[in-house]
$ cat query26.txt   # compact mmCIF, C-alpha atoms and all ligand atoms
# COMPACT_ATOMS: atom_id res chain seq x y z
CA MET A 146 177.26 181.05 30.76
CA PRO A 147 175.31 177.82 31.45
CA ASP A 148 176.75 174.50 30.33
CA LEU A 149 175.52 173.23 26.98
CA LEU A 150 174.27 169.68 26.50
CA ILE A 151 174.45 168.43 22.93
CA THR A 152 172.43 165.28 22.71
CA GLY A 153 170.63 163.05 20.22
CA CYS A 154 173.75 162.24 18.20
CA ALA A 155 172.92 159.04 16.28
CA GLN A 156 176.67 158.61 15.90
CA LEU A 157 179.21 160.61 17.83
CA LEU A 158 182.68 160.18 16.31
CA THR A 159 185.07 161.11 19.10
CA LEU A 160 188.32 160.16 17.31
CA SER A 161 189.73 159.47 20.76
CA GLY A 162 192.77 157.20 20.85
CA SER A 163 196.23 157.24 19.35
CA VAL A 164 197.72 160.41 17.88
CA PRO A 165 198.75 160.53 15.13
CA ARG A 166 196.86 157.75 13.39
CA ARG A 167 198.70 155.27 11.17
CA GLY A 168 197.77 152.01 9.48
CA ALA A 169 194.88 150.17 11.09
CA ALA A 170 194.43 152.92 13.70
CA LEU A 171 193.43 155.28 10.90
CA HIS A 172 189.96 153.82 10.79
CA GLU A 173 189.29 153.94 14.52
CA LEU A 174 186.69 156.62 14.97
CA GLY A 175 185.86 156.11 18.65
CA LEU A 176 182.22 155.89 17.62
CA ILE A 177 179.51 156.27 20.27
CA ARG A 178 175.96 155.42 19.22
CA ASP A 179 173.25 157.64 20.64
CA GLY A 180 175.88 159.95 22.08
CA ALA A 181 175.95 163.25 23.90
CA LEU A 182 178.45 165.90 24.96
CA LEU A 183 178.52 168.40 27.76
CA ILE A 184 180.25 171.66 26.97
CA ARG A 185 181.48 174.11 29.58
CA ASN A 186 182.65 177.46 28.24
CA ASP A 187 184.90 176.63 25.32
CA ARG A 188 185.73 173.04 26.33
CA ILE A 189 184.30 169.55 26.35
CA ALA A 190 183.41 168.67 29.95
CA ALA A 191 181.95 165.20 29.32
CA VAL A 192 181.35 162.92 26.35
CA GLY A 193 179.64 159.53 26.19
CA THR A 194 176.33 157.82 25.62
CA ARG A 195 173.22 159.91 25.90
CA ARG A 196 172.11 157.84 28.86
CA ARG A 197 175.29 158.45 30.81
CA ILE A 198 175.73 162.14 29.96
CA GLU A 199 172.09 163.05 30.55
CA SER A 200 172.24 161.45 33.98
CA LEU A 201 175.04 163.79 35.10
CA ARG A 202 173.87 166.41 37.56
CA ALA A 203 175.47 169.21 35.49
CA ALA A 204 173.59 168.01 32.40
CA ARG A 205 170.22 168.53 34.07
CA ARG A 206 171.00 172.19 34.60
CA ALA A 207 172.51 172.68 31.15
CA GLN A 208 170.96 174.32 28.16
CA LYS A 209 169.96 171.50 25.82
CA MET A 210 170.45 171.12 22.09
CA ASP A 211 168.89 167.96 20.66
CA LEU A 212 170.39 167.02 17.30
CA ARG A 213 167.64 164.47 16.65
CA GLY A 214 169.68 161.71 15.09
CA ARG A 215 172.46 163.63 13.33
CA VAL A 216 176.10 162.55 13.09
CA VAL A 217 178.62 164.59 15.08
CA LEU A 218 182.37 164.66 14.59
CA PRO A 219 185.32 166.93 15.42
CA GLY A 220 185.37 170.05 13.27
CA PHE A 221 187.57 169.52 10.23
CA VAL A 222 191.15 170.72 10.41
CA ASP A 223 192.14 171.92 6.95
CA SER A 224 195.93 171.90 7.15
CA HIS A 225 196.75 173.27 3.68
CA THR A 226 195.05 176.37 2.26
CA HIS A 227 196.05 179.47 0.34
CA LEU A 228 193.22 181.43 1.98
CA VAL A 229 194.07 184.96 0.84
CA PHE A 230 193.84 185.61 -2.88
CA PRO A 231 192.23 188.46 -4.79
CA ALA A 232 190.26 186.73 -7.55
CA SER A 233 189.46 183.45 -9.24
CA ARG A 234 191.36 182.21 -12.28
CA ALA A 235 188.29 180.94 -14.07
CA ALA A 236 189.70 182.01 -17.46
CA GLU A 237 192.65 179.63 -16.97
CA TYR A 238 190.20 176.92 -15.99
CA GLU A 239 188.53 177.34 -19.34
CA GLN A 240 191.92 177.31 -21.12
CA ARG A 241 192.83 174.03 -19.41
CA ILE A 242 189.53 172.48 -20.39
CA ALA A 243 190.41 173.41 -23.97
CA GLY A 244 193.75 171.59 -23.63
CA ALA A 245 196.38 173.94 -22.13
CA THR A 246 198.27 172.50 -19.16
CA TYR A 247 198.85 174.12 -15.77
CA GLU A 248 202.57 174.43 -16.54
CA GLU A 249 202.01 175.93 -20.01
CA ILE A 250 199.77 178.59 -18.53
CA ALA A 251 202.38 179.31 -15.84
CA ARG A 252 205.16 179.65 -18.45
CA ARG A 253 203.07 182.23 -20.29
CA GLY A 254 203.01 184.36 -17.13
CA GLY A 255 199.65 183.09 -15.91
CA GLY A 256 199.16 180.80 -12.96
CA ILE A 257 200.61 181.82 -9.61
CA ARG A 258 202.26 184.91 -11.15
CA SER A 259 198.93 186.28 -12.36
CA THR A 260 197.51 186.02 -8.84
CA VAL A 261 200.68 187.71 -7.56
CA ARG A 262 200.18 190.68 -9.91
CA GLN A 263 196.60 191.08 -8.71
CA LEU A 264 197.34 190.61 -5.02
CA ARG A 265 200.06 193.25 -5.03
CA ARG A 266 197.52 195.78 -6.28
CA ALA A 267 194.66 194.66 -4.04
CA SER A 268 193.82 196.70 -0.94
CA PRO A 269 193.92 194.94 2.43
CA LYS A 270 190.25 195.85 2.85
CA ILE A 271 189.14 194.00 -0.29
CA LEU A 272 191.35 191.01 0.55
CA LYS A 273 189.91 190.92 4.03
CA GLU A 274 186.29 191.02 2.87
CA ARG A 275 186.92 188.17 0.50
CA ALA A 276 188.76 186.09 3.08
CA LEU A 277 186.05 186.70 5.69
CA ALA A 278 183.37 185.50 3.28
CA ASP A 279 185.47 182.42 2.54
CA LEU A 280 186.03 181.74 6.24
CA ARG A 281 182.25 181.80 6.76
CA GLU A 282 182.00 179.18 4.02
CA PHE A 283 184.71 177.05 5.62
CA ALA A 284 182.67 177.14 8.82
CA ALA A 285 179.48 176.34 6.93
CA HIS A 286 181.15 173.19 5.61
CA GLY A 287 182.22 171.95 9.05
CA THR A 288 185.79 173.28 9.22
CA THR A 289 186.92 174.83 12.51
CA THR A 290 190.70 175.23 12.08
CA ILE A 291 192.73 176.07 8.98
CA GLU A 292 196.30 176.60 8.00
CA ALA A 293 196.81 179.52 5.60
CA LYS A 294 199.84 180.36 3.46
CA THR A 295 201.23 183.56 2.05
CA GLY A 296 202.93 183.25 -1.33
CA TYR A 297 200.87 185.48 -3.61
CA GLY A 298 202.73 188.63 -2.54
CA LEU A 299 206.37 187.68 -3.05
CA ASP A 300 207.63 191.14 -2.25
CA TRP A 301 208.25 192.29 1.28
CA LYS A 302 205.33 194.67 1.48
CA SER A 303 202.79 192.27 0.01
CA GLU A 304 203.90 189.23 2.01
CA LEU A 305 203.61 191.33 5.17
CA LYS A 306 200.22 192.64 4.04
CA VAL A 307 198.97 189.04 3.94
CA LEU A 308 200.64 188.00 7.21
CA HIS A 309 199.10 190.96 9.04
CA LEU A 310 195.76 190.15 7.48
CA LEU A 311 196.02 186.53 8.62
CA ARG A 312 196.67 187.70 12.15
CA GLU A 313 193.69 190.06 12.06
CA LEU A 314 191.47 187.33 10.67
CA HIS A 315 192.63 184.91 13.34
CA GLN A 316 191.72 187.44 16.02
CA GLU A 317 188.51 188.82 14.58
CA GLN A 318 186.55 185.77 13.48
CA PRO A 319 185.97 182.43 15.19
CA LEU A 320 188.06 179.92 13.20
CA ASP A 321 191.67 179.36 14.22
CA ILE A 322 194.19 180.21 11.51
CA ALA A 323 197.75 178.91 11.60
CA ALA A 324 199.96 181.05 9.36
CA THR A 325 202.64 179.71 7.01
CA PHE A 326 205.20 181.89 5.25
CA LEU A 327 205.41 180.71 1.63
CA GLY A 328 207.82 183.29 0.24
CA ALA A 329 209.09 180.41 -1.89
CA HIS A 330 205.97 179.87 -3.98
CA VAL A 331 207.63 180.84 -7.28
CA ILE A 332 210.51 183.13 -8.17
CA PRO A 333 208.91 186.59 -8.36
CA PRO A 334 209.02 188.27 -11.80
CA GLU A 335 211.59 190.93 -10.76
CA PHE A 336 214.05 188.13 -9.84
CA ARG A 337 213.40 186.01 -12.92
CA ASN A 338 216.99 186.23 -14.14
CA ARG A 339 218.66 186.08 -10.75
CA PRO A 340 217.01 183.37 -8.65
CA ALA A 341 220.07 183.09 -6.39
CA SER A 342 219.55 186.68 -5.26
CA TYR A 343 215.96 185.91 -4.36
CA ILE A 344 216.97 182.82 -2.36
CA ALA A 345 219.56 184.92 -0.51
CA LEU A 346 216.99 187.60 0.25
CA LEU A 347 214.52 184.97 1.44
CA THR A 348 216.93 183.05 3.63
CA GLN A 349 219.03 185.90 5.00
CA ARG A 350 216.49 188.68 5.44
CA TRP A 351 212.82 187.84 5.09
CA THR A 352 212.73 184.50 6.89
CA PRO A 353 214.54 185.69 10.04
CA ALA A 354 212.47 188.90 10.13
CA ILE A 355 209.19 187.02 9.79
CA ALA A 356 210.19 184.46 12.39
CA MET A 357 211.07 187.31 14.76
CA SER A 358 207.76 189.07 14.12
CA GLY A 359 205.79 186.02 15.27
CA LEU A 360 203.44 186.46 12.31
CA ALA A 361 204.03 182.93 11.01
CA GLU A 362 204.51 179.60 12.71
CA PHE A 363 205.46 177.54 9.64
CA CYS A 364 207.48 178.00 6.46
CA ASP A 365 206.85 176.27 3.14
CA VAL A 366 208.37 175.84 -0.32
CA PHE A 367 206.84 174.84 -3.64
CA CYS A 368 209.54 172.35 -4.63
CA ASP A 369 208.71 171.33 -8.16
CA ARG A 370 209.48 171.84 -11.84
CA GLY A 371 208.94 175.52 -12.63
CA ALA A 372 209.23 176.57 -8.99
CA PHE A 373 212.14 175.77 -6.63
CA THR A 374 214.79 173.07 -6.97
CA LEU A 375 215.55 170.56 -4.27
CA ALA A 376 218.76 172.37 -3.29
CA GLN A 377 217.02 175.75 -3.14
CA SER A 378 214.19 174.23 -1.13
CA ARG A 379 216.61 172.70 1.34
CA ALA A 380 218.34 176.04 1.88
CA ILE A 381 215.03 177.87 2.35
CA LEU A 382 213.54 175.38 4.79
CA GLN A 383 216.78 175.07 6.73
CA ALA A 384 216.83 178.85 7.10
CA GLY A 385 213.26 178.72 8.39
CA ARG A 386 214.03 175.89 10.78
CA ALA A 387 217.10 177.73 12.08
CA CYS A 388 215.00 180.67 13.22
CA GLY A 389 212.13 178.64 14.60
CA LEU A 390 209.68 178.28 11.73
CA VAL A 391 208.51 174.70 11.31
CA PRO A 392 208.88 173.45 7.71
CA ARG A 393 206.06 172.18 5.52
CA ILE A 394 206.62 171.44 1.83
CA HIS A 395 204.77 171.22 -1.49
CA ALA A 396 206.33 167.95 -2.60
CA ASP A 397 206.40 165.91 -5.79
CA GLN A 398 203.17 167.23 -7.29
CA ILE A 399 204.07 167.76 -10.94
CA VAL A 400 207.27 165.72 -11.14
CA ARG A 401 209.25 163.70 -8.63
CA THR A 402 211.95 166.03 -7.32
CA GLY A 403 212.87 164.18 -4.14
CA ALA A 404 211.00 166.72 -2.02
CA ALA A 405 209.32 164.03 0.08
CA ARG A 406 212.80 162.77 1.03
CA LEU A 407 213.82 166.31 1.89
CA ALA A 408 210.77 166.58 4.16
CA ILE A 409 212.00 163.55 6.09
CA GLU A 410 215.59 164.81 6.17
CA ILE A 411 214.65 168.15 7.70
CA HIS A 412 211.87 166.79 9.95
CA ALA A 413 209.15 168.78 8.25
CA ALA A 414 205.75 168.77 9.91
CA SER A 415 204.14 167.84 6.64
CA ALA A 416 204.85 166.83 3.04
CA ASP A 417 201.96 167.83 0.85
CA HIS A 418 200.66 166.61 -2.56
CA LEU A 419 202.90 163.52 -3.19
CA GLU A 420 201.15 162.61 -6.45
CA GLN A 421 204.46 161.57 -8.08
CA ILE A 422 206.31 159.80 -5.26
CA ALA A 423 208.11 156.50 -5.88
CA ALA A 424 208.00 153.21 -3.97
CA GLY A 425 211.09 154.06 -1.93
CA ASP A 426 209.60 157.40 -0.91
CA ILE A 427 206.48 155.64 0.31
CA ARG A 428 208.53 153.27 2.47
CA ALA A 429 210.56 156.15 3.90
CA LEU A 430 207.49 158.27 4.63
CA GLY A 431 205.90 155.28 6.35
CA LEU A 432 208.81 155.12 8.76
CA SER A 433 208.82 158.87 9.44
CA ASN A 434 206.81 161.33 11.51
CA VAL A 435 206.16 163.57 8.51
CA VAL A 436 202.43 163.93 7.90
CA CYS A 437 201.56 163.06 4.29
CA THR A 438 198.94 165.65 3.38
CA LEU A 439 197.04 164.55 0.32
CA LEU A 440 195.20 167.12 -1.77
CA PRO A 441 192.92 165.27 -4.17
CA GLY A 442 191.09 168.48 -5.07
CA CYS A 443 194.08 169.33 -7.31
CA SER A 444 193.99 166.22 -9.46
CA PHE A 445 190.23 166.58 -9.69
CA HIS A 446 190.21 170.25 -10.64
CA LEU A 447 193.15 169.89 -13.06
CA GLY A 448 191.39 166.93 -14.66
CA LEU A 449 194.32 164.57 -14.07
CA ALA A 450 193.99 160.83 -13.88
CA SER A 451 196.61 160.31 -11.20
CA TYR A 452 196.04 160.81 -7.51
CA ALA A 453 198.49 160.40 -4.63
CA PRO A 454 199.01 156.74 -3.63
CA ALA A 455 196.92 156.88 -0.46
CA ARG A 456 196.48 153.11 -0.08
CA ARG A 457 200.18 152.41 -0.41
CA LEU A 458 201.03 155.19 2.04
CA ILE A 459 198.56 153.80 4.57
CA ALA A 460 199.91 150.28 4.06
CA ALA A 461 203.45 151.59 4.66
CA GLY A 462 202.34 153.10 7.98
CA ALA A 463 202.43 156.75 6.93
CA ILE A 464 200.53 159.44 8.82
CA VAL A 465 198.00 160.48 6.18
CA ALA A 466 196.02 163.73 6.26
CA LEU A 467 193.64 165.34 3.78
CA ALA A 468 193.27 169.02 2.99
CA THR A 469 191.54 171.23 0.44
CA ASP A 470 194.57 173.20 -0.83
CA PHE A 471 191.99 175.97 -1.30
CA ASN A 472 193.58 178.18 -3.99
CA PRO A 473 192.53 179.83 -7.27
CA GLY A 474 194.79 177.77 -9.55
CA THR A 475 194.54 174.10 -8.73
CA SER A 476 191.86 173.55 -6.10
CA PRO A 477 189.21 176.19 -5.69
CA THR A 478 187.20 174.38 -3.05
CA LEU A 479 186.90 174.94 0.66
CA SER A 480 184.69 171.93 1.22
CA MET A 481 186.40 169.23 3.26
CA THR A 482 183.47 166.89 2.61
CA MET A 483 184.12 167.20 -1.13
CA ILE A 484 187.72 166.25 -0.37
CA LEU A 485 186.47 163.25 1.63
CA SER A 486 184.37 162.16 -1.35
CA LEU A 487 187.40 162.41 -3.66
CA ALA A 488 189.61 160.59 -1.15
CA CYS A 489 187.15 157.72 -0.93
CA THR A 490 186.16 157.41 -4.56
CA GLN A 491 189.46 158.29 -6.28
CA MET A 492 192.08 157.20 -3.73
CA ARG A 493 190.11 154.35 -2.15
CA MET A 494 190.41 155.54 1.38
CA SER A 495 187.59 154.22 3.52
CA PRO A 496 185.15 156.80 4.90
CA ALA A 497 186.56 156.19 8.38
CA GLU A 498 190.16 156.67 7.22
CA ALA A 499 189.20 159.85 5.41
CA ILE A 500 187.55 161.29 8.53
CA ALA A 501 190.59 160.56 10.71
CA ALA A 502 192.74 162.12 7.97
CA ALA A 503 190.59 165.27 8.07
CA THR A 504 190.52 165.74 11.85
CA ILE A 505 193.08 164.32 14.26
CA ASN A 506 195.97 163.80 11.83
CA PRO A 507 195.93 167.32 10.39
CA ALA A 508 195.58 168.67 13.95
CA TYR A 509 198.82 166.81 14.67
CA SER A 510 200.47 168.26 11.59
CA LEU A 511 199.59 171.77 12.85
CA ARG A 512 200.77 170.83 16.36
CA GLN A 513 197.28 171.49 17.67
CA HIS A 514 196.35 167.91 18.55
CA GLU A 515 196.24 168.66 22.25
CA ARG A 516 193.41 171.11 21.85
CA THR A 517 191.45 170.08 18.74
CA GLY A 518 190.97 167.26 16.23
CA SER A 519 189.08 164.90 18.55
CA LEU A 520 186.14 165.17 20.94
CA GLU A 521 187.68 164.44 24.33
CA VAL A 522 187.32 165.94 27.77
CA GLY A 523 189.47 169.06 28.11
CA LYS A 524 189.73 169.77 24.42
CA TYR A 525 188.02 172.67 22.66
CA ALA A 526 184.40 172.08 21.73
CA ASP A 527 185.23 172.27 18.01
CA LEU A 528 182.66 170.11 16.24
CA ALA A 529 180.41 169.70 13.25
CA ALA A 530 177.04 167.96 12.91
CA PHE A 531 175.81 166.52 9.63
CA ASP A 532 172.31 165.86 8.45
CA VAL A 533 172.93 162.14 7.90
CA ALA A 534 172.25 159.02 9.96
CA ASP A 535 175.53 157.22 9.20
CA TYR A 536 178.99 158.82 8.92
CA ARG A 537 179.63 157.01 5.63
CA GLU A 538 176.95 159.18 4.07
CA ILE A 539 179.17 162.24 4.54
CA PRO A 540 181.49 161.34 1.62
CA TYR A 541 178.77 159.34 -0.10
CA TYR A 542 176.52 162.34 -0.81
CA PHE A 543 179.03 164.32 -2.83
CA GLY A 544 178.73 167.89 -4.02
CA VAL A 545 176.10 168.86 -1.45
CA ASN A 546 176.61 170.50 1.91
CA LEU A 547 174.91 168.48 4.63
CA CYS A 548 176.59 170.28 7.52
CA SER A 549 173.90 171.57 9.83
CA LEU A 550 175.88 172.82 12.81
CA THR A 551 179.44 174.02 13.34
CA MET A 552 180.71 174.92 16.74
CA LYS A 553 184.06 176.53 17.50
CA ARG A 554 185.26 176.67 21.10
CA GLY A 555 181.75 176.06 22.32
CA ALA A 556 180.13 178.82 20.23
CA VAL A 557 177.77 178.14 17.34
CA VAL A 558 179.42 179.59 14.24
CA TYR A 559 177.03 178.08 11.73
CA SER A 560 173.68 176.35 11.85
CA LYS A 561 171.04 175.28 9.35
CA ASN A 562 167.67 173.53 9.80
CA LEU A 563 168.33 172.77 13.44
O1 LIG A 601 199.22 173.82 -3.88
N1 LIG A 601 201.52 174.14 -6.02
C1 LIG A 601 201.61 175.30 -5.61
N2 LIG A 601 200.65 175.98 -5.03
C2 LIG A 601 199.28 175.69 -5.24
C3 LIG A 601 198.80 176.22 -6.53
C4 LIG A 601 198.76 177.67 -6.45
C5 LIG A 601 198.20 178.34 -7.67
O2 LIG A 601 198.17 177.80 -8.78
O3 LIG A 601 197.78 179.50 -7.48
C6 LIG A 601 199.02 174.23 -5.02
O4 LIG A 601 198.59 173.48 -5.88
FE FE A 602 199.21 174.45 -2.04
$ encode --input "query26.txt" --output "structure tokens" --more "lines below"
Ligand code: NIG
Ligand code: FE
Amino acid sequence: MPDLLITGCAQLLTLSGSVPRRGAALHELGLIRDGALLIRNDRIAAVGTRRRIESLRAARRAQKMDLRGRVVLPGFVDSHTHLVFPASRAAEYEQRIAGATYEEIARRGGGIRSTVRQLRRASPKILKERALADLREFAAHGTTTIEAKTGYGLDWKSELKVLHLLRELHQEQPLDIAATFLGAHVIPPEFRNRPASYIALLTQRWTPAIAMSGLAEFCDVFCDRGAFTLAQSRAILQAGRACGLVPRIHADQIVRTGAARLAIEIHAASADHLEQIAAGDIRALGLSNVVCTLLPGCSFHLGLASYAPARRLIAAGAIVALATDFNPGTSPTLSMTMILSLACTQMRMSPAEAIAAATINPAYSLRQHERTGSLEVGKYADLAAFDVADYREIPYYFGVNLCSLTMKRGAVVYSKNL
């Protein structure tokens, strides 16, 4: 295969530099004006100004793709998704608009449990078709790597059905998928009156078996009112950690439970949501290596006024990341650029901070920062080009998809108007 020269990038955001990004480093984009990249097989072989790259001998022999003034950045790394689900919950959306809350709907047996009922019945074939279509949309919006959780099966057979599906999807389509076992999403209906038995099953049987199978790399818990308590969450994540699964955690979304502190205590890769954290939590997170994954799509979709305290986390030195939380209940979007718009407008992150939080920092939280998340020699050619002249226009033009090229490991996985 000949080398590929990608040139004519009005702005090439390399995101080279410190990993992970904190504080002032969060808005360093490693921006090259009039930039170009040389790609060999699946990797970046050279990156720099157009003048320098085009003068390389290898560039003269390469196949050339001129982006004619577009903005190029690392493909987005979406480090929190619930990729596999059988159907939307649009009826609940309408109920919430009419005044019901997320928790009220959940208490009536809706919410996560309604998706669980449907997923258990759904055939792997239908789930796969739906997930494949969604993965094509992720790619069409500039995302090249995602994390994906189980948690809508909650019985052994259905959790395994989703884990096997995630592995197949990872192997059969271009985007990388990092799998997370979220057996602790809610207490399944058949254990409603005996949660301790479910925790025992999860910690003593399922978690070790899944870790042994190699089907998941991470474990996760929804630690919140109506889901798992802090003590239960600790036991579940410790069990995961003990058999080699790296903990992530849904923390302090609905109420402050102390889950962010637990994330620090157990050295979780990531504490996600954080809408309700307190001042002391912010200070502690700022001093830790836990990635604070903010999911503004949830507050937006649930119509809530409060968002996670992004500015205070950044000021405290926390490693901030952004993700879609793509799921049918609280954030049915797979558009990272929509998330960037929300992060900028609602959480007052700067466009540069939001881009670092959507690329290199989530790559770090997935432990993939040595191969993706920035455009540097030796890393995968995972990139996205946008039909804008200035990177700030990516969050600025909200609700429209301006991605015109997505490349994963050097292969074009999406293109439009090129
Ligand atoms: O991240 N909070 C728990 N899990 C999802 C919601 C899942 C659902 O409602 O189906 C979340 O917001
Ligand atoms: Fe989630």
$ residues_near_ligand --input "query26.txt" --ligand "ligand LIG 601 (chain A)" --cutoff "10 Å" --atoms "all atoms listed in the file" --output "PDB file with C-alpha atoms, in the frame of the given file"
ATOM      1  CA  HIS A 225     196.750 173.270   3.680  1.00  0.00           C
ATOM      2  CA  THR A 226     195.050 176.370   2.260  1.00  0.00           C
ATOM      3  CA  HIS A 227     196.050 179.470   0.340  1.00  0.00           C
ATOM      4  CA  PHE A 230     193.840 185.610  -2.880  1.00  0.00           C
ATOM      5  CA  SER A 233     189.460 183.450  -9.240  1.00  0.00           C
ATOM      6  CA  ARG A 234     191.360 182.210 -12.280  1.00  0.00           C
ATOM      7  CA  TYR A 247     198.850 174.120 -15.770  1.00  0.00           C
ATOM      8  CA  GLU A 248     202.570 174.430 -16.540  1.00  0.00           C
ATOM      9  CA  ILE A 250     199.770 178.590 -18.530  1.00  0.00           C
ATOM     10  CA  ALA A 251     202.380 179.310 -15.840  1.00  0.00           C
ATOM     11  CA  GLY A 255     199.650 183.090 -15.910  1.00  0.00           C
ATOM     12  CA  GLY A 256     199.160 180.800 -12.960  1.00  0.00           C
ATOM     13  CA  ILE A 257     200.610 181.820  -9.610  1.00  0.00           C
ATOM     14  CA  ARG A 258     202.260 184.910 -11.150  1.00  0.00           C
ATOM     15  CA  SER A 259     198.930 186.280 -12.360  1.00  0.00           C
ATOM     16  CA  THR A 260     197.510 186.020  -8.840  1.00  0.00           C
ATOM     17  CA  VAL A 261     200.680 187.710  -7.560  1.00  0.00           C
ATOM     18  CA  LYS A 294     199.840 180.360   3.460  1.00  0.00           C
ATOM     19  CA  GLY A 296     202.930 183.250  -1.330  1.00  0.00           C
ATOM     20  CA  TYR A 297     200.870 185.480  -3.610  1.00  0.00           C
ATOM     21  CA  LEU A 327     205.410 180.710   1.630  1.00  0.00           C
ATOM     22  CA  ALA A 329     209.090 180.410  -1.890  1.00  0.00           C
ATOM     23  CA  HIS A 330     205.970 179.870  -3.980  1.00  0.00           C
ATOM     24  CA  VAL A 331     207.630 180.840  -7.280  1.00  0.00           C
ATOM     25  CA  VAL A 366     208.370 175.840  -0.320  1.00  0.00           C
ATOM     26  CA  PHE A 367     206.840 174.840  -3.640  1.00  0.00           C
ATOM     27  CA  CYS A 368     209.540 172.350  -4.630  1.00  0.00           C
ATOM     28  CA  ASP A 369     208.710 171.330  -8.160  1.00  0.00           C
ATOM     29  CA  ALA A 372     209.230 176.570  -8.990  1.00  0.00           C
ATOM     30  CA  ILE A 394     206.620 171.440   1.830  1.00  0.00           C
ATOM     31  CA  HIS A 395     204.770 171.220  -1.490  1.00  0.00           C
ATOM     32  CA  ALA A 396     206.330 167.950  -2.600  1.00  0.00           C
ATOM     33  CA  ASP A 397     206.400 165.910  -5.790  1.00  0.00           C
ATOM     34  CA  GLN A 398     203.170 167.230  -7.290  1.00  0.00           C
ATOM     35  CA  ILE A 399     204.070 167.760 -10.940  1.00  0.00           C
ATOM     36  CA  ASP A 417     201.960 167.830   0.850  1.00  0.00           C
ATOM     37  CA  HIS A 418     200.660 166.610  -2.560  1.00  0.00           C
ATOM     38  CA  LEU A 440     195.200 167.120  -1.770  1.00  0.00           C
ATOM     39  CA  GLY A 442     191.090 168.480  -5.070  1.00  0.00           C
ATOM     40  CA  CYS A 443     194.080 169.330  -7.310  1.00  0.00           C
ATOM     41  CA  SER A 444     193.990 166.220  -9.460  1.00  0.00           C
ATOM     42  CA  LEU A 447     193.150 169.890 -13.060  1.00  0.00           C
ATOM     43  CA  THR A 469     191.540 171.230   0.440  1.00  0.00           C
ATOM     44  CA  ASP A 470     194.570 173.200  -0.830  1.00  0.00           C
ATOM     45  CA  PHE A 471     191.990 175.970  -1.300  1.00  0.00           C
ATOM     46  CA  ASN A 472     193.580 178.180  -3.990  1.00  0.00           C
ATOM     47  CA  PRO A 473     192.530 179.830  -7.270  1.00  0.00           C
ATOM     48  CA  GLY A 474     194.790 177.770  -9.550  1.00  0.00           C
ATOM     49  CA  THR A 475     194.540 174.100  -8.730  1.00  0.00           C
ATOM     50  CA  SER A 476     191.860 173.550  -6.100  1.00  0.00           C
ATOM     51  CA  PRO A 477     189.210 176.190  -5.690  1.00  0.00           C
TER      52      PRO A 477
END
$ residues_around --input "query26.txt" --residues "Ala356 (chain A)" --least-positions-apart "5" --cutoff "10 Å" --atoms "only C-alpha atoms" --output "list in words"
Phe326, Trp351, Ala361, Glu362, Phe363, Cys364, Gly385, Arg386, Ala387, Cys388, Gly389, Leu390 and Val391 of chain A
$ residues_near_point --input "query26.txt" --point "(213.2, 159.6, -3.2)" --cutoff "7 Å" --atoms "all atoms listed in the file" --output "list of chain:residue names"
A:Gly403, A:Ala405, A:Arg406, A:Ala423, A:Gly425, A:Asp426
$ atom_distance --input "query26.txt" --atom1 "CA of Leu346 (chain A)" --atom2 "CA of Arg512 (chain A)"
28.4 Å
$ closest_residue --input "query26.txt" --among "A:Ala235, A:Leu520, A:Leu485, A:Tyr525" --to "Glu538 (chain A)" --atoms "all atoms listed in the file"
A:Leu485
$ residues_around --input "query26.txt" --residues "region 316-323 of chain A" --least-positions-apart "2" --cutoff "8 Å" --atoms "all atoms listed in the file" --output "list in words"
Leu277, Leu280, Ala284, Thr289, Thr290, Ile291, Glu292, Ala293, Leu311, Arg312, Glu313, Leu314, Thr325, Ala361, Glu362, Leu511, Lys553 and Val558 of chain A
$ closest_residue --input "query26.txt" --among "A:Ile484, A:Ala453, A:Ala468, A:Leu375" --to "ligand FE 602 (chain A)" --atoms "all atoms listed in the file"
A:Ala468
$ closest_residue --input "query26.txt" --among "A:Leu360, A:Val533, A:Ala526, A:Leu212" --to "Asp187 (chain A)" --atoms "all atoms listed in the file"
A:Ala526
$ closest_residue --input "query26.txt" --among "A:Ser519, A:Cys489, A:Tyr509, A:Thr295" --to "ligand FE 602 (chain A)" --atoms "all atoms listed in the file"
A:Thr295
$ closest_residue --input "query26.txt" --among "A:Leu228, A:Leu432, A:Val522, A:Ile464" --to "ligand FE 602 (chain A)" --atoms "all atoms listed in the file"
A:Leu228
$ residues_around --input "query26.txt" --residues "Gly544 (chain A)" --least-positions-apart "6" --cutoff "10 Å" --atoms "all atoms listed in the file" --output "list in words"
Ser480, Thr482, Met483, Ile484 and Ser486 of chain A
$ residues_around --input "query26.txt" --residues "Ala408 (chain A)" --least-positions-apart "2" --cutoff "10 Å" --atoms "only C-alpha atoms" --output "PyMOL selection string"
chain A and resi 378-379+382+392-396+403-406+410-417+430+433-437
$ atom_distance --input "query26.txt" --atom1 "CA of Lys524 (chain A)" --atom2 "CA of Ser161 (chain A)"
10.9 Å
$ axis_aligned_box --input "query26.txt" --around "region 238-242 of chain A" --padding-each-side "6 Å" --output "lines of an AutoDock Vina configuration file"
center_x = 190.7
center_y = 174.9
center_z = -18.6
size_x = 16.3
size_y = 16.9
size_z = 17.1
$ closest_residue --input "query26.txt" --among "A:Ala466, A:Ala384, A:Ala232, A:Ala529" --to "Leu264 (chain A)" --atoms "all atoms listed in the file"
A:Ala232
